Amino acid sequence: ALAPDAAATFPGRNGLIAFHADIGDNGPQIFTIRSNGHQLRQITHVDGVAALPDWSPDGRRIVFTLNECAIALVDADGGNLHEVASDPGLCLGDASFTPDGARLVYTRFDFALEVEQIWSMKIDGSDQRFITDAGGPDPNVSPDGRKISFKGPPDGALFVANIDGSGIVQISPSISVTYKHDWSPDGQHLVVSDNSDPAPDEAVNVVTVRPDGSDWTYLTHYPAGFRANVGGYSPDGQWVVFRLEGPGLVPTMYRIRPDGTDLHALYASSTIVPRFIDWGPAARHRPS
């Protein structure tokens with residue numbers, strides 16, 4: 001039997017890094033950059049908001065949240081941008097691909113019921129299916145396709161459940177972790193940052209944890225006032241990418257080994273600040 005491709009960060013050669021950044025009155029747009037910090041490129045120019053990018057398994061497309069409450073796809077070069085799903089009574093977003101690239105998992109907020117849930121659908125927007133109402137923000141599928149992770153109430157901790165929504169396990173302490181998290185390509189760990197709303201005398205640091213909640217391990221140890229907001233793993237599993245902000249610092253994107261060593265700065269800017277960073281695989285061509 002062939003092992004499925006991984007979801008969240010897909011295994012393979014390291015490709016482009018995607019993120020969204022605020023660019024003034026027009027709101028956030030999506031950018032890509034090479035993993036050496038060169039060749040920054042804006043790939044969306046929508047009239048509104050393009051945010052929360054997530055790479056496809058073949059590295060050819062990015063799914064993102066369009067104008068806060070719709071889901072859209074765009075090719076890695078910025079072409080073929082189109083809306084996948086929207087509904088005036090719902091807010092849809094936070095989409096990410098399943099291992100086979102055929103479906104998207106996403107957050108769905110029902111305005112009338114005031115309920116946040118996780119659903120899945122085909123990449124054309126059809127066949128929408130309920131998964132769980134135990135949480136919502138940033139749902140991601142595990143590399144073997146059997147688990148889903150998400151941020152959930154009441155404290156905003158990190159949870160893992162079976163792909164059908166059963167068997168929910170809290171895997172972080174009862175703290176509000178940051179919005180973004182990611183599975184390692186081998187499925188053995190998740191990476192997250194430990195504080196979504198720090199007080200002035202608190203820090204935000206990058207942590208890895210196993211899917212059963214064991215081995216809560218800090219990769220960074222920044223002091224109060226510094227915020228290390230994680231993006232995710234590299235496709236080869238050798239790096240974790242994050243954004244660091246703090247007193248006297250220009251916001252900087254860094255990479256670090258999963259054991260907390262070998263820190264490298266990739267990109268620094270006070271105007272194009274990377275948020276919701278997602279490291280994609282090198283593009284694979286479809287068979288002819």
# chains A, B, ... in the order shown; residues from 1 in each chain; ligands from 1
call {"tool": "residues_around", "arguments": {"residues": "range 237-244 of chain A", "least_positions_apart": "5", "cutoff": "8 Å", "atoms": "only C-alpha atoms", "output": "list in words"}}
result
Pro11, Ser184, Pro185, Asp186, Phe226, Arg227, Ala228, Asn229, Val230, Gly231, Gly232, Pro251, Thr252, Met253, Tyr254, Arg255, Ile256, Arg257, Pro258, Pro274, Arg275, Ile277 and Trp279 of chain A
call {"tool": "residues_around", "arguments": {"residues": "range 25-27 of chain A", "least_positions_apart": "5", "cutoff": "10 Å", "atoms": "only C-alpha atoms", "output": "number ranges by chain"}}
result
A: 20, 45-51, 67
call {"tool": "closest_atom_pairs", "arguments": {"of": "range 24-91 of chain A", "to": "range 119-140 of chain A", "cutoff": "10 Å", "atoms": "only C-alpha atoms", "output": "Markdown table"}}
result
| residue | atom | partner | partner_atom | distance |
| --- | --- | --- | --- | --- |
| A:Leu52 | CA | A:Asp138 | CA | 8.8 |
| A:Asp54 | CA | A:Asn140 | CA | 9.8 |
| A:Val63 | CA | A:Ile123 | CA | 9.2 |
| A:Ile71 | CA | A:Gly125 | CA | 8.8 |
| A:Ala72 | CA | A:Ile123 | CA | 9.4 |
| A:Leu73 | CA | A:Ile123 | CA | 8.6 |
| A:Glu83 | CA | A:Gly125 | CA | 8.9 |
| A:Val84 | CA | A:Gly125 | CA | 5.2 |
| A:Ala85 | CA | A:Gly125 | CA | 5.2 |
| A:Ser86 | CA | A:Gly125 | CA | 8.7 |
call {"tool": "residues_around", "arguments": {"residues": "His221 in chain A", "least_positions_apart": "6", "cutoff": "9 Å", "atoms": "only C-alpha atoms", "output": "mmCIF file with N, CA and C atoms, in the first residue's frame"}}
result
data_model
loop_
_atom_site.group_PDB
_atom_site.id
_atom_site.type_symbol
_atom_site.label_atom_id
_atom_site.label_comp_id
_atom_site.auth_asym_id
_atom_site.auth_seq_id
_atom_site.Cartn_x
_atom_site.Cartn_y
_atom_site.Cartn_z
ATOM 1 N N ALA A 203 5.805 36.816 27.121
ATOM 2 C CA ALA A 203 6.421 36.539 25.829
ATOM 3 C C ALA A 203 5.556 35.558 25.057
ATOM 4 N N VAL A 204 5.849 35.427 23.768
ATOM 5 C CA VAL A 204 5.263 34.389 22.926
ATOM 6 C C VAL A 204 6.412 33.561 22.372
ATOM 7 N N ASN A 205 6.357 32.254 22.575
ATOM 8 C CA ASN A 205 7.436 31.380 22.119
ATOM 9 C C ASN A 205 6.895 30.181 21.353
ATOM 10 N N VAL A 206 7.774 29.576 20.552
ATOM 11 C CA VAL A 206 7.415 28.461 19.679
ATOM 12 C C VAL A 206 7.597 27.143 20.425
#
call {"tool": "residues_around", "arguments": {"residues": "Ser96 in chain A", "least_positions_apart": "6", "cutoff": "9 Å", "atoms": "only C-alpha atoms", "output": "PDB file with N, CA, C and O atoms, in the first residue's frame"}}
result
ATOM      1  N   ALA A   7      -0.725  16.198   4.799  1.00  0.00           N
ATOM      2  CA  ALA A   7      -1.456  17.446   4.767  1.00  0.00           C
ATOM      3  C   ALA A   7      -0.726  18.442   5.651  1.00  0.00           C
ATOM      4  O   ALA A   7       0.257  18.112   6.298  1.00  0.00           O
ATOM      5  N   ALA A   8      -1.278  19.674   5.729  1.00  0.00           N
ATOM      6  CA  ALA A   8      -0.641  20.781   6.452  1.00  0.00           C
ATOM      7  C   ALA A   8       0.655  21.130   5.733  1.00  0.00           C
ATOM      8  O   ALA A   8       0.617  21.805   4.730  1.00  0.00           O
ATOM      9  N   PRO A  53      -3.245  31.921   3.815  1.00  0.00           N
ATOM     10  CA  PRO A  53      -2.935  31.014   2.710  1.00  0.00           C
ATOM     11  C   PRO A  53      -2.536  29.617   3.187  1.00  0.00           C
ATOM     12  O   PRO A  53      -1.964  29.450   4.264  1.00  0.00           O
ATOM     13  N   ASP A  54      -2.818  28.611   2.365  1.00  0.00           N
ATOM     14  CA  ASP A  54      -2.422  27.231   2.629  1.00  0.00           C
ATOM     15  C   ASP A  54      -2.101  26.558   1.296  1.00  0.00           C
ATOM     16  O   ASP A  54      -2.889  26.612   0.351  1.00  0.00           O
ATOM     17  N   TRP A  55      -0.943  25.888   1.229  1.00  0.00           N
ATOM     18  CA  TRP A  55      -0.466  25.270  -0.013  1.00  0.00           C
ATOM     19  C   TRP A  55      -1.175  23.958  -0.314  1.00  0.00           C
ATOM     20  O   TRP A  55      -1.509  23.190   0.588  1.00  0.00           O
ATOM     21  N   SER A  56      -1.344  23.678  -1.595  1.00  0.00           N
ATOM     22  CA  SER A  56      -1.834  22.381  -2.051  1.00  0.00           C
ATOM     23  C   SER A  56      -0.709  21.350  -1.973  1.00  0.00           C
ATOM     24  O   SER A  56       0.478  21.706  -1.944  1.00  0.00           O
ATOM     25  N   ILE A  62      -2.744  27.686  -4.040  1.00  0.00           N
ATOM     26  CA  ILE A  62      -2.924  28.165  -2.668  1.00  0.00           C
ATOM     27  C   ILE A  62      -4.405  28.405  -2.447  1.00  0.00           C
ATOM     28  O   ILE A  62      -5.084  29.038  -3.268  1.00  0.00           O
ATOM     29  N   VAL A  63      -4.934  27.889  -1.343  1.00  0.00           N
ATOM     30  CA  VAL A  63      -6.291  28.224  -0.924  1.00  0.00           C
ATOM     31  C   VAL A  63      -6.190  29.330   0.121  1.00  0.00           C
ATOM     32  O   VAL A  63      -5.240  29.364   0.907  1.00  0.00           O
ATOM     33  N   PHE A  64      -7.154  30.246   0.116  1.00  0.00           N
ATOM     34  CA  PHE A  64      -7.083  31.370   1.050  1.00  0.00           C
ATOM     35  C   PHE A  64      -8.474  31.892   1.360  1.00  0.00           C
ATOM     36  O   PHE A  64      -9.462  31.531   0.702  1.00  0.00           O
ATOM     37  N   ARG A 103      -9.967  17.609  -1.320  1.00  0.00           N
ATOM     38  CA  ARG A 103     -10.942  18.272  -0.452  1.00  0.00           C
ATOM     39  C   ARG A 103     -10.258  19.376   0.354  1.00  0.00           C
ATOM     40  O   ARG A 103      -9.024  19.411   0.471  1.00  0.00           O
ATOM     41  N   LEU A 104     -11.081  20.224   0.911  1.00  0.00           N
ATOM     42  CA  LEU A 104     -10.647  21.287   1.807  1.00  0.00           C
ATOM     43  C   LEU A 104     -11.376  21.127   3.134  1.00  0.00           C
ATOM     44  O   LEU A 104     -12.571  20.841   3.163  1.00  0.00           O
ATOM     45  N   VAL A 105     -10.668  21.291   4.237  1.00  0.00           N
ATOM     46  CA  VAL A 105     -11.308  21.446   5.536  1.00  0.00           C
ATOM     47  C   VAL A 105     -11.307  22.934   5.856  1.00  0.00           C
ATOM     48  O   VAL A 105     -10.373  23.656   5.504  1.00  0.00           O
ATOM     49  N   TYR A 106     -12.369  23.401   6.528  1.00  0.00           N
ATOM     50  CA  TYR A 106     -12.504  24.839   6.719  1.00  0.00           C
ATOM     51  C   TYR A 106     -13.394  25.140   7.921  1.00  0.00           C
ATOM     52  O   TYR A 106     -14.111  24.272   8.430  1.00  0.00           O
ATOM     53  N   ASP A 138      -8.328  27.506  12.245  1.00  0.00           N
ATOM     54  CA  ASP A 138      -7.149  26.883  11.649  1.00  0.00           C
ATOM     55  C   ASP A 138      -7.192  25.357  11.677  1.00  0.00           C
ATOM     56  O   ASP A 138      -6.281  24.705  12.191  1.00  0.00           O
ATOM     57  N   PRO A 139      -8.218  24.719  11.111  1.00  0.00           N
ATOM     58  CA  PRO A 139      -8.219  23.255  11.067  1.00  0.00           C
ATOM     59  C   PRO A 139      -7.177  22.717  10.093  1.00  0.00           C
ATOM     60  O   PRO A 139      -7.014  23.255   9.001  1.00  0.00           O
ATOM     61  N   ASN A 140      -6.471  21.672  10.492  1.00  0.00           N
ATOM     62  CA  ASN A 140      -5.456  21.044   9.650  1.00  0.00           C
ATOM     63  C   ASN A 140      -5.575  19.528   9.747  1.00  0.00           C
ATOM     64  O   ASN A 140      -5.821  18.986  10.827  1.00  0.00           O
ATOM     65  N   VAL A 141      -5.354  18.845   8.631  1.00  0.00           N
ATOM     66  CA  VAL A 141      -5.432  17.391   8.590  1.00  0.00           C
ATOM     67  C   VAL A 141      -4.035  16.812   8.793  1.00  0.00           C
ATOM     68  O   VAL A 141      -3.045  17.334   8.274  1.00  0.00           O
TER      69      VAL A 141
END
call {"tool": "residues_around", "arguments": {"residues": "Thr271 in chain A", "least_positions_apart": "5", "cutoff": "12 Å", "atoms": "only C-alpha atoms", "output": "list in words"}}
result
Ala21, Asp22, Ile23, Gly24, Pro28, Val250, Pro251 and Thr252 of chain A
call {"tool": "residues_around", "arguments": {"residues": "Ala112 in chain A", "least_positions_apart": "6", "cutoff": "12 Å", "atoms": "only C-alpha atoms", "output": "mmCIF file with C-alpha atoms, in the first residue's frame"}}
result
data_model
loop_
_atom_site.group_PDB
_atom_site.id
_atom_site.type_symbol
_atom_site.label_atom_id
_atom_site.label_comp_id
_atom_site.auth_asym_id
_atom_site.auth_seq_id
_atom_site.Cartn_x
_atom_site.Cartn_y
_atom_site.Cartn_z
ATOM 1 C CA PRO A 88 -24.534 35.236 2.768
ATOM 2 C CA GLY A 89 -25.667 33.512 5.962
ATOM 3 C CA LEU A 90 -22.281 31.987 6.738
ATOM 4 C CA CYS A 91 -18.671 32.996 7.224
#
call {"tool": "select_by_dssp", "arguments": {"residues": "range 171-274 of chain A", "states": "strand (DSSP E or B)", "output": "number ranges by chain"}}
result
A: 181-183, 190-193, 204, 206-209, 217-218, 227-233, 240-245, 252-256, 264-268
call {"tool": "closest_residue", "arguments": {"among": "A:Leu40, A:Ile17, A:Ile30, A:Ala102", "to": "Ser269 in chain A", "atoms": "only C-alpha atoms"}}
result
A:Leu40
call {"tool": "closest_residue", "arguments": {"among": "A:Asp77, A:Val160, A:Gly187, A:Gln39", "to": "Ala283 in chain A", "atoms": "only C-alpha atoms"}}
result
A:Asp77
call {"tool": "closest_residue", "arguments": {"among": "A:Gly246, A:Asn162, A:Ala157, A:Ile168", "to": "Pro200 in chain A", "atoms": "only C-alpha atoms"}}
result
A:Gly246
call {"tool": "closest_residue", "arguments": {"among": "A:Thr178, A:Gln29, A:Thr208, A:Asn14", "to": "Ile272 in chain A", "atoms": "only C-alpha atoms"}}
result
A:Gln29
call {"tool": "atom_distance", "arguments": {"atom1": "CA of Thr32 in chain A", "atom2": "CA of Ala268 in chain A"}}
result
14.1 Å
call {"tool": "atom_distance", "arguments": {"atom1": "CA of Asn36 in chain A", "atom2": "CA of Ser142 in chain A"}}
result
27.0 Å
